[in-house]
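Coordinates from input.cif are shown below (mmCIF, C-alpha atoms and all ligand atoms).
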data_run
loop_
_atom_site.label_atom_id
_atom_site.label_comp_id
_atom_site.auth_asym_id
_atom_site.auth_seq_id
_atom_site.Cartn_x
_atom_site.Cartn_y
_atom_site.Cartn_z
CA MET A 14 15.02 15.57 22.02
CA PRO A 15 12.63 14.72 19.20
CA GLU A 16 14.11 12.61 16.43
CA LEU A 17 13.70 11.74 12.78
CA VAL A 18 14.11 7.96 12.69
CA PHE A 19 14.27 5.92 9.47
CA PHE A 20 13.24 2.27 9.94
CA SER A 21 14.51 0.60 6.82
CA GLY A 22 14.72 -2.88 5.37
CA THR A 23 13.67 -5.00 2.46
CA MET A 24 10.08 -5.62 1.51
CA ASP A 25 8.25 -8.02 3.83
CA CYS A 26 10.51 -7.52 6.86
CA GLY A 27 7.81 -6.11 9.16
CA LYS A 28 8.11 -2.33 8.73
CA SER A 29 4.38 -1.62 8.56
CA THR A 30 3.77 -4.01 11.45
CA LEU A 31 6.29 -2.06 13.56
CA ALA A 32 4.65 1.24 12.52
CA LEU A 33 1.30 -0.09 13.75
CA GLN A 34 2.88 -1.37 16.99
CA ILE A 35 4.47 2.03 17.70
CA GLU A 36 1.11 3.66 17.04
CA HIS A 37 -0.67 1.17 19.32
CA ASN A 38 1.77 1.54 22.22
CA ARG A 39 1.73 5.32 22.13
CA SER A 40 -2.02 5.71 21.71
CA ALA A 41 -2.49 3.25 24.61
CA ARG A 42 -0.68 5.84 26.74
CA GLY A 43 -2.91 8.69 25.62
CA LEU A 44 -0.64 10.11 22.92
CA GLN A 45 -2.09 11.12 19.59
CA GLY A 46 -0.22 10.40 16.39
CA MET A 47 -0.60 11.63 12.85
CA ILE A 48 -0.27 8.75 10.40
CA PHE A 49 0.73 9.27 6.79
CA THR A 50 1.36 6.89 3.94
CA ARG A 51 1.76 6.86 0.17
CA ASP A 52 0.58 4.20 -2.28
CA ASP A 53 -0.05 1.41 0.23
CA ARG A 54 -1.11 -1.88 -1.39
CA ALA A 55 -4.39 -1.75 0.60
CA GLY A 56 -5.41 1.48 -1.15
CA GLU A 57 -5.44 5.22 -0.68
CA GLY A 58 -5.32 6.47 2.90
CA LYS A 59 -4.47 3.08 4.41
CA LEU A 60 -1.47 1.77 6.32
CA SER A 61 -1.57 -2.03 6.18
CA SER A 62 0.55 -4.92 7.40
CA ARG A 63 0.68 -8.45 6.02
CA LEU A 64 -0.31 -9.64 9.51
CA GLY A 65 -3.79 -8.33 8.67
CA LEU A 66 -3.71 -5.11 10.69
CA VAL A 67 -4.73 -1.92 8.93
CA THR A 68 -5.40 1.65 9.99
CA ASP A 69 -6.53 4.85 8.34
CA ALA A 70 -3.83 7.30 7.32
CA VAL A 71 -3.49 10.58 5.49
CA GLU A 72 -2.40 9.95 1.89
CA ALA A 73 0.75 12.00 1.27
CA ALA A 74 0.54 12.27 -2.50
CA GLU A 75 3.00 14.03 -4.79
CA GLY A 76 3.24 17.71 -3.78
CA PHE A 77 1.82 17.12 -0.29
CA ASP A 78 3.48 19.43 2.25
CA PHE A 79 3.95 17.67 5.61
CA TYR A 80 5.10 20.79 7.44
CA ALA A 81 2.24 22.99 6.21
CA TYR A 82 -0.29 20.23 6.91
CA LEU A 83 0.89 19.80 10.50
CA VAL A 84 1.11 23.55 11.17
CA ALA A 85 -2.50 23.92 9.94
CA HIS A 86 -3.59 20.88 11.98
CA LEU A 87 -2.04 22.23 15.20
CA SER A 88 -3.12 25.82 14.69
CA GLN A 89 -6.74 24.66 14.34
CA GLY A 90 -6.46 23.40 17.91
CA ASN A 91 -5.87 19.73 17.03
CA ARG A 92 -3.29 17.54 18.71
CA ALA A 93 -0.31 15.73 17.25
CA ASP A 94 2.25 14.23 19.62
CA TYR A 95 4.24 12.26 17.04
CA VAL A 96 4.24 11.41 13.34
CA ILE A 97 4.38 8.07 11.52
CA VAL A 98 5.10 7.88 7.78
CA ASP A 99 4.93 4.55 5.95
CA GLU A 100 6.16 3.81 2.40
CA ALA A 101 8.53 6.76 2.85
CA GLN A 102 10.67 5.57 -0.05
CA PHE A 103 8.03 6.98 -2.41
CA LEU A 104 8.34 10.53 -1.03
CA ALA A 105 10.26 13.30 -2.77
CA GLY A 106 13.47 14.54 -1.18
CA GLU A 107 11.85 17.86 -0.33
CA GLN A 108 9.08 16.06 1.58
CA ILE A 109 11.77 14.44 3.75
CA ASP A 110 13.19 17.93 4.36
CA GLN A 111 9.71 18.95 5.53
CA LEU A 112 9.70 15.99 7.96
CA ALA A 113 13.07 17.10 9.36
CA ARG A 114 11.58 20.56 9.86
CA VAL A 115 8.62 19.00 11.71
CA VAL A 116 11.14 17.47 14.13
CA ASP A 117 13.25 20.61 14.56
CA ASP A 118 10.61 23.37 14.55
CA LEU A 119 7.45 21.60 15.78
CA GLU A 120 9.44 19.33 18.13
CA LEU A 121 7.62 16.14 17.17
CA ASP A 122 9.16 12.69 16.79
CA VAL A 123 8.89 11.46 13.21
CA PHE A 124 9.09 7.70 12.55
CA ALA A 125 9.53 6.97 8.85
CA PHE A 126 9.36 3.45 7.39
CA GLY A 127 10.48 2.33 3.97
CA ILE A 128 12.56 0.14 1.72
CA THR A 129 15.99 1.54 1.01
CA THR A 130 16.60 0.38 -2.55
CA ASP A 131 14.51 -0.44 -5.59
CA PHE A 132 14.50 -3.55 -7.79
CA ARG A 133 17.74 -2.36 -9.44
CA SER A 134 19.36 -1.88 -6.01
CA LYS A 135 19.34 1.91 -6.46
CA LEU A 136 18.27 4.21 -3.66
CA PHE A 137 14.73 5.59 -3.83
CA PRO A 138 14.79 9.44 -3.62
CA GLY A 139 12.90 9.46 -0.30
CA SER A 140 15.19 6.84 1.22
CA GLN A 141 18.30 8.64 0.02
CA ARG A 142 17.19 11.86 1.71
CA LEU A 143 16.25 9.97 4.87
CA VAL A 144 19.72 8.42 5.05
CA GLU A 145 21.13 11.92 4.63
CA LEU A 146 18.91 13.62 7.24
CA ALA A 147 17.75 11.06 9.82
CA ASP A 148 18.99 11.23 13.39
CA ARG A 149 18.98 7.42 13.36
CA VAL A 150 18.62 4.71 10.74
CA GLU A 151 17.28 1.49 12.25
CA VAL A 152 17.47 -1.80 10.37
CA LEU A 153 14.61 -4.07 11.37
CA GLN A 154 15.50 -7.01 13.58
CA VAL A 155 13.22 -9.57 11.94
CA GLU A 156 15.30 -10.73 8.99
CA ALA A 157 13.64 -11.45 5.70
CA LEU A 158 15.39 -14.45 4.14
CA CYS A 159 16.55 -15.24 0.63
CA TRP A 160 15.49 -18.63 -0.75
CA CYS A 161 19.05 -19.86 0.06
CA GLY A 162 18.61 -19.07 3.75
CA ALA A 163 20.93 -16.05 3.85
CA ARG A 164 19.68 -12.71 5.07
CA ALA A 165 17.74 -10.95 2.31
CA THR A 166 19.14 -7.48 1.67
CA HIS A 167 17.77 -6.71 -1.80
CA ASN A 168 14.41 -6.50 -3.53
CA ALA A 169 13.94 -8.19 -6.90
CA ARG A 170 11.05 -7.51 -9.27
CA THR A 171 9.83 -10.62 -10.98
CA ILE A 172 7.65 -11.56 -13.92
CA GLY A 173 6.78 -15.22 -14.10
CA GLY A 174 9.35 -15.83 -11.38
CA GLU A 175 12.19 -14.34 -13.46
CA MET A 176 14.00 -11.26 -12.19
CA VAL A 177 13.62 -8.18 -14.40
CA VAL A 178 15.90 -5.13 -14.44
CA GLU A 179 13.97 -2.81 -16.76
CA GLY A 180 10.90 -0.79 -15.89
CA ALA A 181 9.53 2.11 -13.85
CA GLN A 182 10.98 2.62 -10.41
CA VAL A 183 7.55 2.62 -8.78
CA VAL A 184 5.23 -0.33 -9.38
CA VAL A 185 3.05 -1.04 -6.34
CA GLY A 186 2.98 -4.78 -5.72
CA ASP A 187 3.62 -7.65 -3.36
CA VAL A 188 5.73 -10.72 -2.74
CA ASN A 189 4.27 -14.21 -3.33
CA GLN A 190 2.28 -13.18 -6.39
CA ALA A 191 0.82 -15.64 -8.90
CA PRO A 192 3.54 -16.76 -11.37
CA ASP A 193 2.16 -14.79 -14.32
CA GLU A 194 1.92 -11.48 -12.39
CA VAL A 195 4.48 -8.78 -11.71
CA GLY A 196 5.72 -9.42 -8.20
CA TYR A 197 8.65 -9.03 -5.87
CA GLU A 198 11.05 -11.42 -4.16
CA VAL A 199 13.63 -10.60 -1.49
CA LEU A 200 17.12 -11.96 -2.16
CA CYS A 201 20.60 -11.87 -0.67
CA ARG A 202 23.08 -9.70 -2.60
CA ARG A 203 24.78 -12.69 -4.24
CA HIS A 204 21.55 -13.98 -5.73
CA HIS A 205 20.32 -10.48 -6.63
CA ARG A 206 23.56 -9.88 -8.55
CA ARG A 207 23.21 -13.22 -10.32
CA ARG A 208 19.46 -12.72 -10.86
CA THR A 209 18.83 -16.08 -9.23
CA THR A 210 15.29 -16.05 -7.94
CA ALA A 211 13.76 -19.09 -6.22
CA ALA A 212 12.16 -20.12 -9.53
CA ALA A 213 15.45 -19.74 -11.43
CA ALA A 214 17.31 -21.77 -8.81
CA HIS A 215 14.65 -24.45 -8.95
CA ALA A 216 14.82 -24.55 -12.77
CA ALA A 217 18.65 -24.77 -12.67
CA ALA A 218 18.49 -27.64 -10.19
CA LEU A 219 16.24 -29.55 -12.57
CA SER A 220 18.20 -28.71 -15.70
CA PRO A 221 19.80 -31.66 -17.56
CA ASP A 222 22.81 -29.36 -18.16
CA VAL A 223 23.84 -29.66 -14.54
CA LEU A 224 22.36 -33.01 -13.53
CA PRO A 225 23.46 -35.67 -13.08
CA VAL A 226 26.95 -34.68 -11.97
CA ASP A 227 29.73 -36.95 -13.25
CA PRO A 228 32.00 -37.60 -10.22
CA SER A 229 34.93 -38.46 -12.52
CA LEU A 230 35.05 -34.79 -13.60
CA GLY A 231 36.11 -33.64 -10.14
CA ASP A 232 35.38 -30.39 -8.31
CA SER A 233 35.39 -28.16 -11.37
CA VAL A 234 31.89 -29.37 -12.20
CA SER A 235 29.20 -26.86 -11.41
CA ARG A 236 26.88 -28.50 -8.93
CA PRO A 237 23.39 -27.33 -8.07
CA SER A 238 23.65 -25.88 -4.59
CA SER A 239 22.45 -23.00 -2.49
CA ARG A 240 25.48 -21.00 -3.70
CA SER A 241 24.48 -21.15 -7.36
N1 LIG B 301 0.91 -15.71 8.39
C1 LIG B 301 1.89 -15.08 9.06
N2 LIG B 301 2.26 -15.47 10.29
C2 LIG B 301 3.23 -14.84 10.97
N3 LIG B 301 3.89 -13.79 10.50
C3 LIG B 301 3.59 -13.36 9.28
C4 LIG B 301 2.58 -13.96 8.49
N4 LIG B 301 2.50 -13.30 7.32
C5 LIG B 301 3.43 -12.32 7.38
N5 LIG B 301 4.08 -12.37 8.56
C6 LIG B 301 5.16 -11.49 9.04
O1 LIG B 301 4.90 -10.21 8.57
C7 LIG B 301 6.07 -9.69 7.97
C8 LIG B 301 5.68 -8.68 6.92
O2 LIG B 301 5.08 -7.63 7.62
P1 LIG B 301 4.79 -6.20 6.94
O3 LIG B 301 4.67 -5.26 8.09
O4 LIG B 301 3.65 -6.31 6.01
O5 LIG B 301 6.17 -5.99 6.13
P2 LIG B 301 6.76 -4.73 5.37
O6 LIG B 301 5.94 -3.52 5.74
O7 LIG B 301 8.18 -4.64 5.83
O8 LIG B 301 6.69 -5.06 3.92
C9 LIG B 301 6.80 -10.92 7.44
O9 LIG B 301 8.17 -10.74 7.35
C10 LIG B 301 6.50 -11.92 8.53
O10 LIG B 301 7.44 -11.77 9.58
C1 LIG B 302 11.48 -3.00 -4.86
C2 LIG B 302 10.40 -2.09 -5.30
C3 LIG B 302 9.20 -2.03 -4.60
N1 LIG B 302 8.22 -1.22 -5.00
C4 LIG B 302 6.95 -1.19 -4.26
C5 LIG B 302 6.27 -2.51 -4.04
C6 LIG B 302 5.44 -2.23 -2.79
O1 LIG B 302 4.20 -1.64 -3.20
C7 LIG B 302 6.27 -1.21 -2.02
C8 LIG B 302 7.02 -1.81 -0.85
O2 LIG B 302 6.09 -2.13 0.16
P1 LIG B 302 6.47 -3.04 1.45
O3 LIG B 302 5.39 -2.66 2.42
O4 LIG B 302 7.83 -2.63 1.91
O5 LIG B 302 6.41 -4.47 1.03
O6 LIG B 302 7.21 -0.70 -2.96
C9 LIG B 302 8.39 -0.38 -6.09
O7 LIG B 302 7.51 0.40 -6.45
N2 LIG B 302 9.56 -0.42 -6.79
C10 LIG B 302 10.57 -1.25 -6.43
O8 LIG B 302 11.63 -1.26 -7.10
#
Would you put the structure from the file into structure tokens?
Ligand SMILES: Nc1ncnc2c1ncn2[C@@H]1O[C@H](COP(=O)(O)OP(=O)(O)O)[C@@H](O)[C@H]1O
Ligand SMILES: Cc1cn([C@H]2C[C@H](O)[C@@H](COP(=O)(O)O)O2)c(=O)[nH]c1=O
Amino acid sequence: MPELVFFSGTMDCGKSTLALQIEHNRSARGLQGMIFTRDDRAGEGKLSSRLGLVTDAVEAAEGFDFYAYLVAHLSQGNRADYVIVDEAQFLAGEQIDQLARVVDDLELDVFAFGITTDFRSKLFPGSQRLVELADRVEVLQVEALCWCGARATHNARTIGGEMVVEGAQVVVGDVNQAPDEVGYEVLCRRHHRRRTTAAAAHAAALSPDVLPVDPSLGDSVSRPSSRS
């Protein structure tokens, strides 16, 4: 039975790499995929991974109709054995409905890849609809890590290393940006809640307010640690 599968995770956990691996393995066996993306960092009509791999893709902009596009593609005598969609968080809910229809009516597997939540830990519309409609939601096995070493489950937006909580939901960007640029950092929930980015933790560790610790004050003293 064909399936709608949502491969989800934080930024930088290997989603695009997995999309390219699925594409490689299937095309190596003679299958032909249709690859879609939206607003990839590498530019329009590209699906790119931080490992340096990139492939051409159809840009699924606002208003793009996946079902109509695939019906037209097939009825012109072209092949499509499966569908890959990267950056699926950016899609509208109705576009996810079209993908479900591609699975049910055109009987094609659809593999969608995307981050689940935004920098405010709210669901993206596309991800919400995927959670509602997917046959399976797969969390990627390669864990992205918070600076403290715990599994990263949330995406923070940063400016100058500081976490921000105001702004547009969609701002295309990357992790490991220069300090003065808008960037992203993956964090565990504890540190996302406390807005403790790596830079903030580093600054706190160096702060004279918390160092040196006076041992005579006992355990009530706040000590710089990975659980700050
Ligand atoms: N220089 C590197 N060497 C090995 N692995 C790397 C390197 N750079 C990035 N990666 C891997 O690539 C992953 C990010 O892959 P990518 O597919 O771009 O992520 P996503 O699409 O989830 O944002 C990182 O989590 C890491 O595992
Ligand atoms: C958290 C968050 C992310 N984005 C953007 C930043 C990137 O361009 C993509 C995620 O790409 P990746 O391949 O998973 O790294 O999403 C955004 O626009 N808004 C956000 O809140």
9 Å from ligand LIG 302 (chain B) is the threshold here; counting all atoms listed in the file, which polymer residues fall inside it? Answer as a count of residues only.
47
Please report the interatomic distance between atom O10 of ligand LIG 301 (chain B) and CA of Leu200 (chain A) in Å with one decimal.
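Result for atom O10 of ligand LIG 301 (chain B) versus CA of Leu200 (chain A): 15.2 Å, one decimal.
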Could you please determine the separation between CA of Thr50 (chain A) and CA of Leu119 (chain A) in Å, to one decimal place?
19.8 Å
Pairwise distance for CA of Val71 (chain A) and CA of Phe49 (chain A), rounded to one decimal in Å
4.6 Å
Using all atoms listed in the file: which of A:Val155, A:Ala74, A:Leu44, A:Val84 has the shortest distance to ligand LIG 301 (chain B):
A:Val155
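With all atoms listed in the file as the basis for measurement, A:Phe124 is the residue among A:Arg51, A:Ala105, A:Phe124, A:Pro192 that approaches Glu151 (chain A) most closely.
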Could you check which of A:Val115, A:Gly106, A:Ala165, A:Leu121 is closest to Pro138 (chain A), using only C-alpha atoms?
A:Gly106
What's the 10 Å shell around Glu145 (chain A), counting all atoms listed in the file, without same-chain residues fewer than 4 positions away, as number ranges by chain?
A: 106, 109-110, 139-141, 150
From A:Gly65, A:Gly76, A:Gly90, A:Gly174, residue lying nearest ligand LIG 301 (chain B) [all atoms listed in the file]
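Selected residue with least distance to ligand LIG 301 (chain B): A:Gly65.
Selecting by distance to (1.9, -19.1, -7.3) with a limit of 12 Å and using only C-alpha atoms, one obtains A:Ile172, A:Gly173, A:Gly174, A:Val188, A:Asn189, A:Gln190, A:Ala191, A:Pro192, A:Asp193, A:Glu194, A:Val195, A:Gly196, A:Ala211, A:Ala212.
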Taking only C-alpha atoms into account, which of A:Val96, A:Leu104, A:Val177, A:Ala213 comes nearest Leu17 (chain A)?
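Selected residue with least distance to Leu17 (chain A): A:Val96.
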Pick from A:Ile97, A:Val67, A:Pro15, A:Glu75: nearest to Gln45 (chain A), with all atoms listed in the file counted?
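The shortest atom-to-atom distance to Gln45 (chain A) comes from A:Ile97.
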